[in-house]
Each structure stands twice: as C-alpha cells, then as structure tokens.
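One structure is given below, encoded as structure tokens.
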Amino acid sequence: MERQNNLIVRYRPGDRFIHWVVAVSFILAGLGGLAMYHPMFVPLSALFGGGPWTRASHPWIGLVVFVFFAALAIRFCRDNKLTAGDRKWLSQIGDVVANHEERLPEVGRYNAGQKVLFWVMLITLVLLLLSGLVMWYGYFALDFSLGMRRLAADVHAISAFVLIIGIIVHIYASFWVKGSVRSMTRGTVTPAWAKQHHAAWYREISKGGAA
Ligand code: HEM
C-alpha cells in the first residue's frame, strides 16, 4: 500500500491530471452543446466568442473529452467489473440512500453505483463520438444521408442528456461521501474513509497490494 503521512494514496498525479482534463473539457463541451441545442441557451455561445466559434470548437473539445476519458477508462475498467456482490448492493439501494452502509455487502475499490455510472459514461461517450462524427461530416468531406444525420442528431442529444444527468449524480455523490473529493484533488484518503466506504479494497491493499 502506498502511503503519504499515514494517508492512503488512491490516485496518482497522472490519474488526477487526466480526470480533471476530462472534467473541465466535459463542462466546456456541455456548455457549447447546449448553446447550439436550444435558443434559450444561445447566450452561452458568448463564452466561446460567438456562434461560429462555438460550432467550430465544440467537436474539438468533444474529442479532447473522448480521448482523455478513454485513457481514464483503460486505467480503471478492471476495477469497474460488476460482481454478484454489486447486484446485491444495487438491490439494497434503500440502505445506500439511508446511509446504512453496515447492512451492505463489502465494497471493493468502487461501489456498484460508481461502476454502473462508469459504464454509462463509457457507452454515452462512444455514442456521442460516433454521432458527432456523422454531424461533423463537412470537415471530412464525407456525405451522409439526411436520415442518417437526423438520427445522429437524436442519438447525440439523448446521449448528452443521459451523460449530463449521470455527471450531476457523480458530482453530487463525490461531495455527499465526505472525504472523496480530496482523493481527486490531493490523491489521498484517510484509512477511516477506506475502511468505511471500501472495506474490501482496504483489506486487499493492507495485505500488501498496490493502492
Ligand atoms: C466537477 C466535476 C467532477 C468532480 C467534482 C468529480 C469528482 C470525482 C471524484 C471525487 C472521484 C473519486 C471517487 C472515488 O475514488 O471514490 C472521481 C472519479 C471518477 N470520475 Fe469524476 N468528477 C467530476 C467530473 C467527471 C467527469 C466529467 C467524468 C467523465 C465524463 C468523470 C469521470 C470519473 C471516473 C471515470 C472516475 C473513476 C471512478 C470509476 O472508475 O468508477 N468525472 N470523480
């Protein structure tokens, strides 16, 4: 277990750097996307220097989100595999919301809620990339049928909606579970946090595995 002044290292600097690039670029892509989606959000385009710059920058910012998220996903996908214990955890969602962690199955590096959200992020980002590429066709001198472009626009909007809701839940949960945000800002967690929220992970790393 990697320790720093009696704290457990949960994320190394490289992981944190990638995560925060994803977070900032995701917010920018979301704001630009909303500005183009509905007249109500048009004022947001001022953040990017007006309508044309919003349209021109959005696909590139989206690519940054995808590429950096892919790097994060490669690092973390092994820890997000769903297990039988996770299904039990999900079936006891009432205990999760009521903060009865003692009644839940022991959690590994991530709980089932985090794992489901991880796969939602991955699937929606792949759909956003594919549908985005269809709508970016002019840049590649490609031609897709009108039906195809309409379908891409619908897939893009629905995936973005699901992902935005997912990220709101992700941010809420990271502040709700006290001591989580520091894992992504400073890289470390307290042993008490690890024991309480990720007991199986704590036991595993205490045996001498890498954090
Ligand atoms: C301001 C925005 C955000 C905040 C405050 C935030 C906070 C956090 C925190 C505290 C963790 C560590 C949780 C733990 O180790 O238990 C985490 C992990 C993670 N975050 Fe974020 N995050 C934000 C945005 C995003 C965005 C936009 C994405 C992706 C589109 C994302 C993807 C992830 C992933 C994949 C993990 C690892 C968890 C896993 O693999 O299941 N985050 N985040």
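Identifiers in the structure tokens: chain A, B, ... in order shown; residue index from 1 per chain; ligand index from 1 in order shown.
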
*Counting only C-alpha atoms, what is within 9 Å of His58 in chain A, bar same-chain residues fewer than 6 positions away, as a ChimeraX atom specification?*
/A:28-30,32-33

_Surrounding residues as an MDAnalysis selection string, ligand 1, max 9 Å, only C-alpha atoms and all ligand atoms_ = chainID A and resid 10:11 16 19:27 65:66 69 72:73 75:80 109:119 121:122 125 163:164 166:168 170:175 177 179:185 189 197:198

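Among the residues of range 1-210 of chain A, backbone DSSP assigns strand (DSSP E) to Arg3, Gln4, Leu7, Ile8, Val9, Thr188 and Val189 of chain A.
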
Go ahead and write the residues just picked, N, CA and C atoms, as a short mmCIF file (atom, residue, chain, number, x, y, z; two decimals), in the first residue's frame.
```cif
data_model
loop_
_atom_site.label_atom_id
_atom_site.label_comp_id
_atom_site.auth_asym_id
_atom_site.auth_seq_id
_atom_site.Cartn_x
_atom_site.Cartn_y
_atom_site.Cartn_z
N ARG A 3 1.62 4.89 0.95
CA ARG A 3 1.12 5.81 2.00
C ARG A 3 1.84 7.14 1.91
N GLN A 4 1.17 8.18 2.44
CA GLN A 4 1.76 9.52 2.50
C GLN A 4 1.32 10.12 3.82
N LEU A 7 -1.70 8.62 5.30
CA LEU A 7 -2.87 8.62 4.41
C LEU A 7 -2.62 7.60 3.29
N ILE A 8 -3.71 7.09 2.71
CA ILE A 8 -3.56 6.08 1.64
C ILE A 8 -3.64 6.77 0.28
N VAL A 9 -2.70 6.44 -0.59
CA VAL A 9 -2.73 7.03 -1.94
C VAL A 9 -3.78 6.29 -2.77
N THR A 188 -5.08 11.48 -1.91
CA THR A 188 -5.07 10.57 -0.77
C THR A 188 -6.43 10.50 -0.07
N VAL A 189 -6.62 9.39 0.69
CA VAL A 189 -7.81 9.25 1.54
C VAL A 189 -7.33 8.80 2.92
#
```

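The closest residue to Leu129 in chain A, picked from A:Lys88, A:Thr190, A:Leu63, A:Lys178 and counting only C-alpha atoms, is A:Leu63.
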